[in-house]
file data05.csv (CSV, C-alpha atoms)
chain,number,residue,atom,x,y,z
A,1,MET,CA,13.7,-97.2,-30.9
A,2,LEU,CA,12.2,-94.8,-28.4
A,3,SER,CA,11.0,-91.4,-29.7
A,4,VAL,CA,12.0,-88.5,-27.5
A,5,LEU,CA,9.4,-85.8,-27.4
A,6,VAL,CA,11.0,-82.5,-28.4
A,7,LEU,CA,7.6,-80.7,-28.1
A,8,ALA,CA,7.1,-79.1,-31.5
A,9,PRO,CA,5.1,-77.7,-33.2
A,10,PHE,CA,3.9,-75.9,-30.1
A,11,LYS,CA,0.2,-75.1,-31.1
A,12,ALA,CA,-0.6,-78.7,-32.0
A,13,LEU,CA,0.9,-80.0,-28.8
A,14,ALA,CA,-0.8,-77.5,-26.6
A,15,LYS,CA,-4.2,-79.2,-27.3
A,16,ARG,CA,-2.8,-82.7,-26.8
A,17,LEU,CA,-1.1,-81.8,-23.5
A,18,ALA,CA,-4.0,-79.9,-22.0
A,19,LYS,CA,-5.1,-83.0,-20.0
A,20,ARG,CA,-1.7,-84.5,-19.6
A,21,PRO,CA,0.8,-84.0,-16.8
A,22,LEU,CA,2.7,-80.7,-16.7
A,23,VAL,CA,6.3,-81.7,-16.3
A,24,TYR,CA,9.0,-79.3,-14.9
A,25,LEU,CA,12.6,-79.8,-13.6
A,26,THR,CA,14.1,-78.3,-10.5
A,27,TRP,CA,16.9,-79.1,-8.0
A,28,MET,CA,17.1,-79.6,-4.3
A,29,ARG,CA,20.7,-80.8,-4.2
A,30,ASP,CA,23.8,-81.0,-6.4
A,31,PRO,CA,22.8,-80.1,-10.0
A,32,THR,CA,25.8,-82.1,-11.3
A,33,THR,CA,24.6,-85.4,-9.9
A,34,THR,CA,20.8,-85.0,-9.3
A,35,MET,CA,17.6,-83.8,-10.9
A,36,MET,CA,14.2,-83.3,-9.4
A,37,VAL,CA,11.5,-84.4,-11.8
A,38,ASN,CA,8.1,-82.7,-11.0
A,39,TRP,CA,4.7,-82.9,-12.5
A,40,LEU,CA,1.2,-81.6,-11.9
A,41,ASP,CA,-1.8,-83.8,-12.8
A,42,ALA,CA,-5.3,-84.7,-11.9
A,43,ASP,CA,-4.8,-88.4,-11.5
A,44,SER,CA,-5.0,-89.6,-7.9
A,45,HIS,CA,-4.0,-93.1,-8.9
A,46,SER,CA,-1.0,-92.3,-11.0
A,47,PRO,CA,2.3,-93.8,-9.6
A,48,ASP,CA,5.1,-91.6,-8.5
A,49,TYR,CA,7.6,-93.3,-10.8
A,50,VAL,CA,10.3,-91.9,-13.1
A,51,LEU,CA,12.1,-94.3,-15.5
A,52,TYR,CA,15.4,-93.0,-16.8
A,53,ARG,CA,18.7,-93.8,-18.4
A,54,ARG,CA,21.6,-92.1,-20.1
A,55,LEU,CA,20.7,-91.0,-23.6
A,56,ALA,CA,23.9,-92.4,-25.0
A,57,ALA,CA,23.5,-95.7,-23.3
A,58,PRO,CA,24.1,-98.7,-25.6
A,59,ARG,CA,21.0,-100.2,-27.2
A,60,GLY,CA,19.3,-102.6,-24.8
A,61,SER,CA,20.7,-101.0,-21.7
A,62,ARG,CA,18.6,-101.2,-18.6
A,63,TRP,CA,16.4,-98.4,-17.4
A,64,THR,CA,16.5,-97.2,-13.8
A,65,LEU,CA,13.3,-96.8,-11.8
A,66,ALA,CA,13.1,-94.0,-9.3
A,67,ARG,CA,10.2,-93.6,-6.8
A,68,GLY,CA,9.1,-90.3,-5.3
A,69,SER,CA,6.2,-88.7,-3.5
A,70,ARG,CA,3.0,-86.8,-4.2
A,71,HIS,CA,0.7,-84.4,-2.4
A,72,THR,CA,-2.4,-82.4,-3.2
A,73,PHE,CA,-1.7,-79.1,-5.0
A,74,ALA,CA,-2.3,-77.0,-1.8
A,75,ASP,CA,-6.0,-76.8,-1.3
A,76,GLN,CA,-6.9,-78.3,-4.7
A,77,LYS,CA,-8.2,-81.7,-3.7
A,78,LYS,CA,-8.4,-83.0,-7.3
A,79,ARG,CA,-4.9,-81.8,-8.4
A,80,PHE,CA,-1.7,-83.5,-7.4
A,81,VAL,CA,2.0,-82.5,-7.4
A,82,HIS,CA,4.6,-85.3,-7.8
A,83,HIS,CA,8.3,-85.1,-7.0
A,84,VAL,CA,10.9,-87.7,-7.9
A,85,GLU,CA,14.6,-86.9,-7.3
A,86,LEU,CA,17.0,-88.7,-9.5
A,87,GLN,CA,20.3,-89.3,-7.7
A,88,GLY,CA,23.8,-90.6,-8.5
A,89,LEU,CA,23.7,-89.1,-12.0
A,90,GLN,CA,26.9,-88.5,-14.1
A,91,PRO,CA,27.9,-84.8,-14.5
A,92,ASN,CA,27.5,-83.1,-17.9
A,93,THR,CA,25.5,-86.0,-19.2
A,94,GLU,CA,22.2,-86.3,-21.2
A,95,TYR,CA,19.4,-88.4,-19.8
A,96,VAL,CA,16.1,-89.5,-21.2
A,97,PHE,CA,13.1,-90.2,-18.9
A,98,THR,CA,9.4,-90.9,-18.8
A,99,ILE,CA,7.0,-90.5,-15.8
A,100,ARG,CA,4.4,-92.8,-14.2
A,101,SER,CA,5.7,-96.0,-15.8
A,102,GLN,CA,7.6,-99.0,-14.5
A,103,GLY,CA,8.9,-100.0,-18.0
A,104,PRO,CA,9.5,-98.4,-21.4
A,105,THR,CA,6.2,-97.8,-23.2
A,106,ARG,CA,5.8,-97.8,-27.0
A,107,GLY,CA,4.5,-94.4,-28.0
A,108,GLY,CA,4.9,-93.0,-24.5
A,109,GLN,CA,6.0,-89.4,-23.7
A,110,TYR,CA,9.7,-89.1,-23.2
A,111,PHE,CA,11.8,-86.1,-22.2
A,112,ARG,CA,15.4,-85.2,-22.0
A,113,PHE,CA,17.7,-83.2,-19.6
A,114,ARG,CA,21.4,-82.6,-19.1
A,115,THR,CA,23.2,-82.5,-15.7
A,116,MET,CA,25.5,-79.6,-15.0
A,117,PRO,CA,29.3,-79.9,-15.5
A,118,LYS,CA,31.4,-80.7,-12.4
A,119,THR,CA,34.0,-78.1,-13.4
A,120,LEU,CA,33.5,-74.8,-15.2
A,121,PRO,CA,33.5,-75.3,-18.9
A,122,LYS,CA,34.9,-72.8,-21.4
A,123,HIS,CA,31.4,-71.7,-22.2
A,124,LEU,CA,28.4,-71.8,-19.9
A,125,ARG,CA,25.1,-69.9,-20.2
A,126,PHE,CA,22.0,-69.4,-18.1
A,127,VAL,CA,19.1,-67.0,-18.4
A,128,THR,CA,17.4,-64.9,-15.7
A,129,GLY,CA,14.4,-62.7,-15.3
A,130,GLY,CA,11.1,-62.4,-13.5
A,131,ASP,CA,7.6,-61.0,-13.7
A,132,MET,CA,6.7,-63.6,-16.3
A,133,MET,CA,3.0,-63.8,-17.3
A,134,HIS,CA,0.4,-61.2,-17.9
A,135,ASP,CA,-0.8,-63.2,-20.9
A,136,ARG,CA,0.1,-66.5,-22.5
A,137,LYS,CA,1.2,-65.0,-25.9
A,138,ARG,CA,4.0,-62.9,-24.3
A,139,VAL,CA,5.3,-65.6,-21.9
A,140,ASP,CA,5.3,-68.1,-24.8
A,141,ALA,CA,7.4,-65.7,-26.9
A,142,MET,CA,10.0,-65.0,-24.3
A,143,ASN,CA,10.2,-68.7,-23.3
A,144,LYS,CA,10.9,-69.6,-26.9
A,145,ARG,CA,13.7,-66.9,-26.9
A,146,ALA,CA,15.2,-68.5,-23.8
A,147,ALA,CA,15.2,-71.9,-25.6
A,148,GLU,CA,16.9,-70.4,-28.6
A,149,LEU,CA,19.8,-69.4,-26.3
A,150,ASN,CA,20.4,-73.0,-25.1
A,151,PRO,CA,20.9,-72.2,-21.4
A,152,TRP,CA,21.8,-74.8,-18.9
A,153,PHE,CA,19.1,-73.5,-16.6
A,154,ALA,CA,16.9,-70.5,-15.8
A,155,LEU,CA,17.1,-68.4,-12.7
A,156,LEU,CA,13.5,-67.0,-12.2
A,157,GLY,CA,13.1,-64.0,-9.8
A,158,GLY,CA,9.5,-64.3,-8.8
A,159,ASP,CA,6.0,-63.2,-10.0
A,160,LEU,CA,5.9,-66.4,-12.1
A,161,ALA,CA,2.2,-67.1,-13.0
A,162,TYR,CA,0.6,-64.0,-11.4
A,163,ALA,CA,-1.8,-66.3,-9.4
A,164,ASN,CA,-1.6,-64.2,-6.3
A,165,GLY,CA,-1.9,-67.1,-3.8
A,166,ASN,CA,-5.5,-67.1,-4.7
A,167,SER,CA,-7.7,-70.2,-5.4
A,168,ASN,CA,-9.7,-68.3,-7.9
A,169,GLU,CA,-6.6,-67.8,-10.0
A,170,VAL,CA,-4.9,-71.2,-9.5
A,171,GLY,CA,-5.5,-72.0,-13.2
A,172,LYS,CA,-2.8,-69.5,-14.1
A,173,TRP,CA,-0.3,-72.0,-12.7
A,174,ASP,CA,-1.4,-74.6,-15.3
A,175,ASP,CA,-1.0,-72.0,-18.1
A,176,TRP,CA,2.5,-71.0,-16.9
A,177,LEU,CA,3.7,-74.6,-16.4
A,178,GLU,CA,2.3,-75.6,-19.8
A,179,SER,CA,4.1,-72.7,-21.5
A,180,TRP,CA,7.4,-73.7,-19.8
A,181,MET,CA,7.0,-77.4,-20.8
A,182,LEU,CA,6.1,-76.6,-24.4
A,183,ASN,CA,8.5,-73.8,-25.1
A,184,CYS,CA,11.6,-74.1,-22.8
A,185,ILE,CA,13.3,-76.9,-24.6
A,186,ARG,CA,17.0,-76.4,-25.5
A,187,ARG,CA,17.1,-76.1,-29.3
A,188,ARG,CA,20.6,-77.7,-29.3
A,189,ASP,CA,19.7,-81.1,-27.7
A,190,GLY,CA,15.9,-81.1,-26.9
A,191,GLY,CA,16.5,-81.0,-23.1
A,192,LEU,CA,14.0,-79.5,-20.7
A,193,ILE,CA,15.4,-76.4,-19.0
A,194,PRO,CA,15.6,-76.7,-15.2
A,195,MET,CA,14.4,-73.8,-13.1
A,196,VAL,CA,15.8,-72.2,-10.0
A,197,VAL,CA,13.0,-70.1,-8.5
A,198,ALA,CA,12.7,-67.1,-6.1
A,199,ILE,CA,9.4,-66.0,-4.6
A,200,GLY,CA,7.7,-62.7,-5.6
A,201,ASN,CA,4.7,-60.7,-4.3
A,202,HIS,CA,2.3,-62.3,-6.8
A,203,GLU,CA,3.0,-65.7,-5.4
A,204,VAL,CA,1.6,-64.5,-2.0
A,205,ALA,CA,-1.9,-63.6,-0.8
A,206,GLY,CA,-1.2,-60.1,0.4
A,207,GLY,CA,2.1,-59.6,-1.4
A,208,THR,CA,4.6,-58.7,1.3
A,209,GLY,CA,5.1,-59.1,5.0
A,210,LYS,CA,3.4,-62.5,5.0
A,211,VAL,CA,4.3,-66.1,6.0
A,212,PRO,CA,4.7,-69.3,3.9
A,213,LYS,CA,1.1,-70.4,4.3
A,214,ASP,CA,0.1,-67.3,2.4
A,215,ALA,CA,2.0,-68.7,-0.6
A,216,LYS,CA,0.6,-72.2,-0.5
A,217,TYR,CA,0.7,-72.8,-4.3
A,218,PHE,CA,4.3,-71.7,-4.7
A,219,TYR,CA,5.5,-73.9,-1.8
A,220,SER,CA,3.4,-76.8,-3.0
A,221,LEU,CA,4.9,-76.7,-6.5
A,222,PHE,CA,8.5,-76.2,-5.7
A,223,PRO,CA,10.5,-78.5,-3.4
A,224,LEU,CA,13.0,-76.0,-2.0
A,225,PRO,CA,16.3,-76.7,-0.1
A,226,ALA,CA,15.5,-76.5,3.7
A,227,LYS,CA,11.8,-76.0,2.7
A,228,ARG,CA,12.1,-72.3,2.8
A,229,SER,CA,12.3,-69.4,0.2
A,230,PHE,CA,15.9,-68.4,0.8
A,231,TYR,CA,18.6,-70.9,-0.1
A,232,ALA,CA,21.9,-71.4,-1.9
A,233,MET,CA,22.2,-73.6,-5.0
A,234,ASP,CA,25.9,-74.5,-5.5
A,235,ILE,CA,26.9,-75.8,-8.9
A,236,GLY,CA,30.3,-77.6,-8.8
A,237,ASP,CA,32.9,-75.4,-7.2
A,238,TYR,CA,32.5,-72.5,-9.6
A,239,LEU,CA,28.9,-71.1,-9.3
A,240,SER,CA,26.6,-70.3,-6.4
A,241,LEU,CA,23.1,-68.9,-6.8
A,242,ILE,CA,21.9,-67.1,-3.6
A,243,VAL,CA,18.1,-67.0,-3.8
A,244,LEU,CA,16.5,-64.6,-1.4
A,245,ASP,CA,13.0,-63.6,-0.2
A,246,SER,CA,12.5,-59.9,-0.3
A,247,ASP,CA,10.0,-59.7,2.6
A,248,HIS,CA,7.3,-61.8,1.0
A,249,THR,CA,7.2,-64.8,3.4
A,250,GLU,CA,10.5,-64.2,5.2
A,251,ARG,CA,11.8,-61.0,6.6
A,252,VAL,CA,14.8,-59.2,5.0
A,253,GLU,CA,16.5,-58.7,8.4
A,254,GLY,CA,17.0,-61.1,11.2
A,255,GLU,CA,17.3,-64.8,10.4
A,256,GLN,CA,17.6,-64.3,6.6
A,257,GLU,CA,20.3,-61.6,7.0
A,258,ALA,CA,22.3,-63.8,9.4
A,259,TRP,CA,22.0,-66.8,7.0
A,260,LEU,CA,23.1,-64.6,4.0
A,261,ASP,CA,26.2,-63.4,5.9
A,262,LYS,CA,27.1,-67.0,6.7
A,263,ALA,CA,26.3,-68.3,3.2
A,264,LEU,CA,28.4,-65.6,1.5
A,265,SER,CA,31.3,-66.0,4.0
A,266,GLU,CA,31.5,-69.7,3.3
A,267,ARG,CA,31.7,-69.2,-0.5
A,268,ALA,CA,33.5,-65.9,-1.1
A,269,SER,CA,37.0,-67.3,-1.1
A,270,LYS,CA,36.1,-70.6,-2.8
A,271,VAL,CA,33.6,-69.9,-5.5
A,272,PRO,CA,34.5,-67.5,-8.3
A,273,LEU,CA,30.9,-66.7,-9.5
A,274,ILE,CA,28.3,-65.8,-6.9
A,275,TYR,CA,24.9,-64.4,-7.9
A,276,PRO,CA,22.2,-63.2,-5.5
A,277,CYS,CA,18.7,-63.1,-6.9
A,278,TYR,CA,15.4,-61.8,-5.4
A,279,HIS,CA,12.3,-60.0,-6.4
A,280,LYS,CA,11.9,-56.5,-4.9
A,281,PRO,CA,14.8,-54.3,-6.0
A,282,ALA,CA,17.1,-52.2,-3.9
A,283,TYR,CA,17.9,-50.0,-6.9
A,284,GLY,CA,14.6,-49.9,-8.8
A,285,THR,CA,13.4,-48.0,-11.9
A,286,ALA,CA,9.7,-47.5,-12.0
A,287,LYS,CA,8.0,-47.6,-8.6
A,288,PRO,CA,9.3,-44.8,-6.4
A,289,PRO,CA,7.4,-43.3,-3.5
A,290,ALA,CA,4.9,-40.6,-4.6
A,291,ASP,CA,7.1,-37.8,-3.2
A,292,SER,CA,10.4,-38.9,-4.9
A,293,ASN,CA,11.7,-40.0,-8.2
A,294,ASP,CA,14.3,-42.2,-6.4
A,295,SER,CA,12.9,-45.7,-5.8
A,296,SER,CA,15.8,-46.5,-3.5
A,297,LYS,CA,14.0,-44.3,-0.9
A,298,ASP,CA,11.1,-46.9,-0.8
A,299,PRO,CA,11.1,-48.4,2.7
A,300,LEU,CA,11.6,-52.0,1.4
A,301,ALA,CA,14.4,-50.9,-0.9
A,302,GLN,CA,16.0,-49.1,2.0
A,303,LYS,CA,15.8,-52.2,4.1
A,304,ILE,CA,17.6,-54.2,1.4
A,305,ILE,CA,20.2,-51.5,1.0
A,306,LYS,CA,20.7,-51.6,4.8
A,307,HIS,CA,20.7,-55.3,5.5
A,308,TRP,CA,21.8,-57.1,2.3
A,309,CYS,CA,23.8,-54.7,0.1
A,310,PRO,CA,26.7,-54.3,2.6
A,311,LEU,CA,27.0,-58.1,2.6
A,312,PHE,CA,27.2,-58.1,-1.2
A,313,ASP,CA,29.9,-55.5,-0.9
A,314,LYS,CA,31.8,-57.2,1.8
A,315,TYR,CA,32.0,-60.5,0.0
A,316,GLN,CA,32.2,-59.0,-3.5
A,317,VAL,CA,29.5,-61.0,-5.2
A,318,THR,CA,29.7,-61.1,-9.0
A,319,ALA,CA,26.5,-59.3,-9.8
A,320,VAL,CA,22.9,-59.0,-8.4
A,321,PHE,CA,19.6,-59.8,-10.1
A,322,GLU,CA,16.5,-57.9,-9.1
A,323,ASN,CA,13.0,-57.9,-10.5
A,324,ASP,CA,9.4,-56.5,-9.9
A,325,HIS,CA,9.4,-53.1,-11.7
A,326,HIS,CA,8.6,-54.3,-15.3
A,327,THR,CA,11.5,-52.6,-16.9
A,328,TYR,CA,15.1,-53.3,-18.0
A,329,LYS,CA,17.8,-51.8,-15.9
A,330,ARG,CA,21.6,-51.9,-15.4
A,331,THR,CA,23.1,-49.9,-12.6
A,332,HIS,CA,26.5,-48.3,-12.5
A,333,PRO,CA,29.0,-50.4,-10.4
A,334,LEU,CA,27.9,-49.7,-6.8
A,335,LEU,CA,29.7,-50.0,-3.5
A,336,ASN,CA,28.6,-48.6,-0.1
A,337,ASN,CA,25.6,-47.1,-1.9
A,338,GLN,CA,27.8,-45.0,-4.2
A,339,ILE,CA,29.2,-45.4,-7.7
A,340,ASP,CA,32.6,-47.2,-7.6
A,341,ARG,CA,33.9,-48.2,-11.0
A,342,LYS,CA,36.8,-50.2,-9.6
A,343,ARG,CA,35.2,-52.4,-6.9
A,344,GLY,CA,31.4,-51.8,-7.4
A,345,ILE,CA,28.8,-54.4,-8.1
A,346,VAL,CA,26.3,-54.1,-11.0
A,347,TYR,CA,22.6,-54.7,-10.3
A,348,LEU,CA,20.6,-56.0,-13.2
A,349,GLY,CA,16.8,-56.3,-13.6
A,350,ASP,CA,14.0,-55.3,-13.3
A,351,GLY,CA,11.7,-58.2,-14.1
A,352,CYS,CA,9.9,-57.8,-17.4
A,353,TRP,CA,9.8,-61.3,-19.0
A,354,GLY,CA,6.2,-61.3,-20.2
A,355,VAL,CA,4.3,-58.4,-18.5
A,356,ASP,CA,3.1,-54.9,-19.3
A,357,THR,CA,6.0,-52.5,-19.2
A,358,ARG,CA,6.3,-49.3,-17.1
A,359,ALA,CA,7.9,-46.0,-17.9
A,360,VAL,CA,11.6,-45.5,-16.9
A,361,PRO,CA,13.4,-42.4,-15.6
A,362,LYS,CA,15.0,-40.1,-18.1
A,363,PRO,CA,18.8,-40.6,-18.6
A,364,GLY,CA,20.7,-39.1,-15.6
A,365,GLU,CA,17.5,-38.7,-13.5
A,366,LEU,CA,18.5,-41.5,-11.1
A,367,TRP,CA,22.1,-41.4,-10.0
A,368,TYR,CA,22.6,-45.2,-9.9
A,369,LEU,CA,21.2,-46.1,-13.3
A,370,ALA,CA,23.5,-46.7,-16.2
A,371,LYS,CA,20.8,-48.0,-18.5
A,372,ALA,CA,17.0,-48.3,-18.4
A,373,GLU,CA,14.5,-49.3,-21.0
A,374,SER,CA,10.7,-49.8,-21.0
A,375,LYS,CA,11.0,-53.2,-22.8
A,376,ARG,CA,10.2,-56.8,-22.1
A,377,HIS,CA,13.3,-58.9,-21.9
A,378,LEU,CA,15.3,-61.7,-20.4
A,379,ILE,CA,19.0,-61.5,-19.4
A,380,SER,CA,21.4,-64.0,-20.8
A,381,VAL,CA,24.5,-64.7,-18.6
A,382,THR,CA,27.4,-66.3,-20.5
A,383,ILE,CA,30.5,-67.3,-18.6
A,384,ARG,CA,33.2,-67.5,-21.2
A,385,ASP,CA,36.7,-68.6,-20.1
A,386,GLY,CA,35.6,-67.7,-16.5
A,387,LYS,CA,34.5,-64.2,-17.4
A,388,PRO,CA,30.8,-63.2,-17.3
A,389,GLU,CA,29.0,-61.4,-20.1
A,390,TYR,CA,25.4,-60.1,-19.8
A,391,VAL,CA,23.1,-59.5,-22.7
A,392,ALA,CA,19.4,-58.4,-22.5
A,393,TYR,CA,17.2,-59.7,-25.3
A,394,GLU,CA,13.7,-59.0,-26.4
A,395,ALA,CA,11.5,-61.9,-27.5
A,396,ASP,CA,12.4,-61.3,-31.1
A,397,GLY,CA,16.1,-61.5,-30.4
A,398,LYS,CA,16.9,-57.8,-30.5
A,399,VAL,CA,19.6,-56.8,-28.1
A,400,ILE,CA,18.6,-54.1,-25.6
A,401,ASP,CA,21.9,-53.9,-23.7
A,402,GLN,CA,25.1,-55.8,-23.1
A,403,HIS,CA,27.7,-55.6,-20.4
A,404,SER,CA,30.9,-57.4,-19.4

call {"tool": "encode", "arguments": {"input": "data05.csv", "output": "structure tokens"}}
result
Amino acid sequence: MLSVLVLAPFKALAKRLAKRPLVYLTWMRDPTTTMMVNWLDADSHSPDYVLYRRLAAPRGSRWTLARGSRHTFADQKKRFVHHVELQGLQPNTEYVFTIRSQGPTRGGQYFRFRTMPKTLPKHLRFVTGGDMMHDRKRVDAMNKRAAELNPWFALLGGDLAYANGNSNEVGKWDDWLESWMLNCIRRRDGGLIPMVVAIGNHEVAGGTGKVPKDAKYFYSLFPLPAKRSFYAMDIGDYLSLIVLDSDHTERVEGEQEAWLDKALSERASKVPLIYPCYHKPAYGTAKPPADSNDSSKDPLAQKIIKHWCPLFDKYQVTAVFENDHHTYKRTHPLLNNQIDRKRGIVYLGDGCWGVDTRAVPKPGELWYLAKAESKRHLISVTIRDGKPEYVAYEADGKVIDQHS
């Protein structure tokens, strides 16, 4: 009988895994029938193989071998990123897999995952947040909290490893990936939690106003749809994640704005749950210009308010996830840059998964803020009978805020 690695206790395994591949899951296509298995290692001779089968398959059932590709980890000539896409999977089904092997291995390292449901279940949860790692202790703690919530996936809004597109800080990616692999394991079934990622300024050498080559490690690690940092991830016919690049390697206006208009128009009448996610906020909390306490007067925030927010209003997205400011925030429902409690859209953020916090405005100081706290958190999004509920948790499980 094969032993599936559930990755606990965490401290003992951290030492064992230090020289082993760092495994993480993403998607490029339909999350109900595919899974992208990725790993980072230092073995130039390791095969790009994934061996997998349904967890509930009868004893003696055959395994399926999938082959993929590899490339150097950007400019790191002794590090390699491997990508193997598993296709033709069954929706809402648990699978077990191992990497770099053509056949089952006794004592080998096995992992689990679950594909997404084809139709919206009565209860579906994901977690979201950004600005993840100033130090390992804090990102470990919040990753463990994510696992306790048993989400189907995590929507991560940038500033992941804080490696700054810099070769001198590339080791931070190892630390971040190891923390995810060790800690982000669904407590209910032992499945690795897949990520859907957005780019932030700390993925980019220079932060904003740059091009993809300035974020070489981010683009090397994550195989993105259309090979660019803005894309839609559609899950069944019930949920669309609209991932955007807030002026880091793609401009807010122009091509991305036109794509956003088209993407939302194609989904607005068909998909009941649509969530844009990006890094720099339109309605921030903690980084205003020096001459104003209103961060929406920041030039980049103004650009997002001008080019993206009218499209969110026009197509009535469900809610918007923003990051970057190292605080928790929930806005009032907003429409046309004003409070509108009937048709307005709530903006949630502001990226404080595992980083130092910043001070927030006093209650009533910013017209658009309904709630703001200087606390590290993640946001749990639970779709219950088709209706979303949002709860912000600290790492110890304390609730900061909830909204439905």

call {"tool": "residues_near_point", "arguments": {"input": "data05.csv", "point": "(16.1, -81.7, -19.1)", "cutoff": "12 Å", "atoms": "all atoms listed in the file", "output": "JSON, numbers by chain"}}
result
{"A": [4, 5, 6, 23, 24, 25, 26, 27, 31, 34, 35, 36, 37, 38, 52, 54, 55, 86, 92, 93, 94, 95, 96, 97, 98, 110, 111, 112, 113, 114, 115, 116, 147, 150, 151, 152, 153, 154, 180, 181, 184, 185, 186, 187, 188, 189, 190, 191, 192, 193, 194, 195]}

call {"tool": "write_last_selection", "arguments": {"input": "data05.csv", "atoms": "C-alpha atoms", "output": "tab-separated table (two decimals), in the coordinates of the input"}}
result
chain	number	residue	atom	x	y	z
A	4	VAL	CA	12.00	-88.50	-27.50
A	5	LEU	CA	9.40	-85.80	-27.40
A	6	VAL	CA	11.00	-82.50	-28.40
A	23	VAL	CA	6.30	-81.70	-16.30
A	24	TYR	CA	9.00	-79.30	-14.90
A	25	LEU	CA	12.60	-79.80	-13.60
A	26	THR	CA	14.10	-78.30	-10.50
A	27	TRP	CA	16.90	-79.10	-8.00
A	31	PRO	CA	22.80	-80.10	-10.00
A	34	THR	CA	20.80	-85.00	-9.30
A	35	MET	CA	17.60	-83.80	-10.90
A	36	MET	CA	14.20	-83.30	-9.40
A	37	VAL	CA	11.50	-84.40	-11.80
A	38	ASN	CA	8.10	-82.70	-11.00
A	52	TYR	CA	15.40	-93.00	-16.80
A	54	ARG	CA	21.60	-92.10	-20.10
A	55	LEU	CA	20.70	-91.00	-23.60
A	86	LEU	CA	17.00	-88.70	-9.50
A	92	ASN	CA	27.50	-83.10	-17.90
A	93	THR	CA	25.50	-86.00	-19.20
A	94	GLU	CA	22.20	-86.30	-21.20
A	95	TYR	CA	19.40	-88.40	-19.80
A	96	VAL	CA	16.10	-89.50	-21.20
A	97	PHE	CA	13.10	-90.20	-18.90
A	98	THR	CA	9.40	-90.90	-18.80
A	110	TYR	CA	9.70	-89.10	-23.20
A	111	PHE	CA	11.80	-86.10	-22.20
A	112	ARG	CA	15.40	-85.20	-22.00
A	113	PHE	CA	17.70	-83.20	-19.60
A	114	ARG	CA	21.40	-82.60	-19.10
A	115	THR	CA	23.20	-82.50	-15.70
A	116	MET	CA	25.50	-79.60	-15.00
A	147	ALA	CA	15.20	-71.90	-25.60
A	150	ASN	CA	20.40	-73.00	-25.10
A	151	PRO	CA	20.90	-72.20	-21.40
A	152	TRP	CA	21.80	-74.80	-18.90
A	153	PHE	CA	19.10	-73.50	-16.60
A	154	ALA	CA	16.90	-70.50	-15.80
A	180	TRP	CA	7.40	-73.70	-19.80
A	181	MET	CA	7.00	-77.40	-20.80
A	184	CYS	CA	11.60	-74.10	-22.80
A	185	ILE	CA	13.30	-76.90	-24.60
A	186	ARG	CA	17.00	-76.40	-25.50
A	187	ARG	CA	17.10	-76.10	-29.30
A	188	ARG	CA	20.60	-77.70	-29.30
A	189	ASP	CA	19.70	-81.10	-27.70
A	190	GLY	CA	15.90	-81.10	-26.90
A	191	GLY	CA	16.50	-81.00	-23.10
A	192	LEU	CA	14.00	-79.50	-20.70
A	193	ILE	CA	15.40	-76.40	-19.00
A	194	PRO	CA	15.60	-76.70	-15.20
A	195	MET	CA	14.40	-73.80	-13.10

call {"tool": "closest_residue", "arguments": {"input": "data05.csv", "among": "A:Ser380, A:Thr331, A:Gln316, A:Ser44", "to": "A:Lys77", "atoms": "only C-alpha atoms"}}
result
A:Ser44

call {"tool": "closest_residue", "arguments": {"input": "data05.csv", "among": "A:Phe222, A:Trp63, A:Tyr278, A:Tyr315", "to": "A:Val81", "atoms": "only C-alpha atoms"}}
result
A:Phe222

call {"tool": "closest_residue", "arguments": {"input": "data05.csv", "among": "A:Val243, A:Leu334, A:Val139, A:Ile235", "to": "A:Pro121", "atoms": "all atoms listed in the file"}}
result
A:Ile235

call {"tool": "closest_residue", "arguments": {"input": "data05.csv", "among": "A:Arg79, A:Lys362, A:Arg267, A:Lys227", "to": "A:Ile242", "atoms": "only C-alpha atoms"}}
result
A:Arg267

call {"tool": "atom_distance", "arguments": {"input": "data05.csv", "atom1": "atom CA of A:Lys137", "atom2": "atom CA of A:Tyr393"}}
result
16.9 Å

call {"tool": "atom_distance", "arguments": {"input": "data05.csv", "atom1": "atom CA of A:Ala141", "atom2": "atom CA of A:Leu40"}}
result
22.7 Å

call {"tool": "closest_residue", "arguments": {"input": "data05.csv", "among": "A:Ile304, A:Asp324, A:Phe230, A:Asp401", "to": "A:Trp259", "atoms": "all atoms listed in the file"}}
result
A:Phe230

call {"tool": "atom_distance", "arguments": {"input": "data05.csv", "atom1": "atom CA of A:Lys329", "atom2": "atom CA of A:Gly236"}}
result
29.5 Å

call {"tool": "closest_residue", "arguments": {"input": "data05.csv", "among": "A:Asn201, A:Asn337, A:Gln76, A:Thr32", "to": "A:Lys118", "atoms": "all atoms listed in the file"}}
result
A:Thr32

call {"tool": "residues_around", "arguments": {"input": "data05.csv", "residues": "A:Leu120", "least_positions_apart": "2", "cutoff": "12 Å", "atoms": "all atoms listed in the file", "output": "ChimeraX atom specification"}}
result
/A:32,91-92,116-118,122-125,235-239,271-273,382-387

call {"tool": "residues_around", "arguments": {"input": "data05.csv", "residues": "A:Val346", "least_positions_apart": "4", "cutoff": "12 Å", "atoms": "only C-alpha atoms", "output": "PyMOL selection string"}}
result
chain A and resi 275-276+282-283+309+312-313+316-322+329-335+337-342+368-371+388-390+403-404

call {"tool": "residues_near_point", "arguments": {"input": "data05.csv", "point": "(18.0, -56.0, -28.0)", "cutoff": "12 Å", "atoms": "all atoms listed in the file", "output": "number ranges by chain"}}
result
A: 145, 328, 373-380, 390-402
